[in-house]
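Participant: Next up is a structure, given as structure tokens.
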Amino acid sequence: MAMEAVIIGNPNSGSAGDEGYLERFAKVLRAGGLEIEVLNTERPDHATELAAMAGDRLVIVQDRLPNLFLLLPLLPLLLMSL
């Protein structure tokens, strides 16, 4: 069974929150074997609600553009934990 994750983004945070950007990032993670769902916030505190609803899935929260790229070197470690 593949590891499942949720990427939560804020569409109002500029290009890093753009759903197209987040989907491209998700595609990279999917290629590594993760099951990814991309969610965008719709209001203040919505990210907290979405993270709570993620259950036991890994939660990746978009904050700033470079932060997502910091996860890429960790991908092999995540996959080894499956």
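Ligands are numbered from 1 in the order shown, residues from 1 within each chain, and chains are lettered A, B, ... in the order they appear in the structure tokens.
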List as a short mmCIF file (atom, residue, chain, number, x, y, z; two decimals) with C-alpha atoms, in the first residue's frame the protein and nucleic acid residues near A:Val38, meaning an atom at most 12 Å away when only C-alpha atoms are counted, but skip any in the same chain fewer than 6 places from it.

Facilitator:
```
data_model
loop_
_atom_site.label_atom_id
_atom_site.label_comp_id
_atom_site.auth_asym_id
_atom_site.auth_seq_id
_atom_site.Cartn_x
_atom_site.Cartn_y
_atom_site.Cartn_z
CA GLU A 4 -0.87 8.72 1.34
CA ALA A 5 -0.39 12.46 1.69
CA VAL A 6 -2.34 15.68 1.40
CA ILE A 7 -0.86 18.92 0.09
CA ILE A 8 -2.70 21.93 1.50
CA GLY A 9 -2.19 25.21 -0.32
CA ASN A 10 -3.41 28.76 0.01
CA PRO A 11 -4.44 30.08 -3.43
CA GLY A 17 -0.27 28.53 -3.73
CA ASP A 18 -1.29 28.19 -7.35
CA GLU A 19 -3.16 24.93 -7.81
CA GLY A 20 -1.24 24.21 -11.02
CA TYR A 21 2.07 24.53 -9.18
CA LEU A 22 0.86 22.29 -6.37
CA GLU A 23 -0.36 19.71 -8.88
CA ARG A 24 3.06 19.68 -10.56
CA PHE A 25 4.69 19.10 -7.19
CA ALA A 26 2.16 16.35 -6.46
CA LYS A 27 3.03 14.72 -9.77
CA LEU A 29 5.61 12.80 -5.41
CA ARG A 30 3.19 10.48 -7.22
CA ALA A 47 -5.96 24.69 6.55
CA LEU A 50 -8.25 20.22 6.21
CA ALA A 51 -5.25 18.92 8.15
CA ALA A 54 -6.49 14.22 6.63
CA LEU A 58 1.07 12.81 5.75
CA VAL A 59 0.19 16.52 5.60
CA ILE A 60 2.30 18.88 3.51
CA VAL A 61 1.36 22.51 3.99
CA GLN A 62 2.39 25.02 1.35
#
```

Participant: Work out how far atom CA of A:Met3 is from atom CA of A:Ala31, in Å to one decimal.

Facilitator: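 Distance between the two atoms: 12.2 Å.
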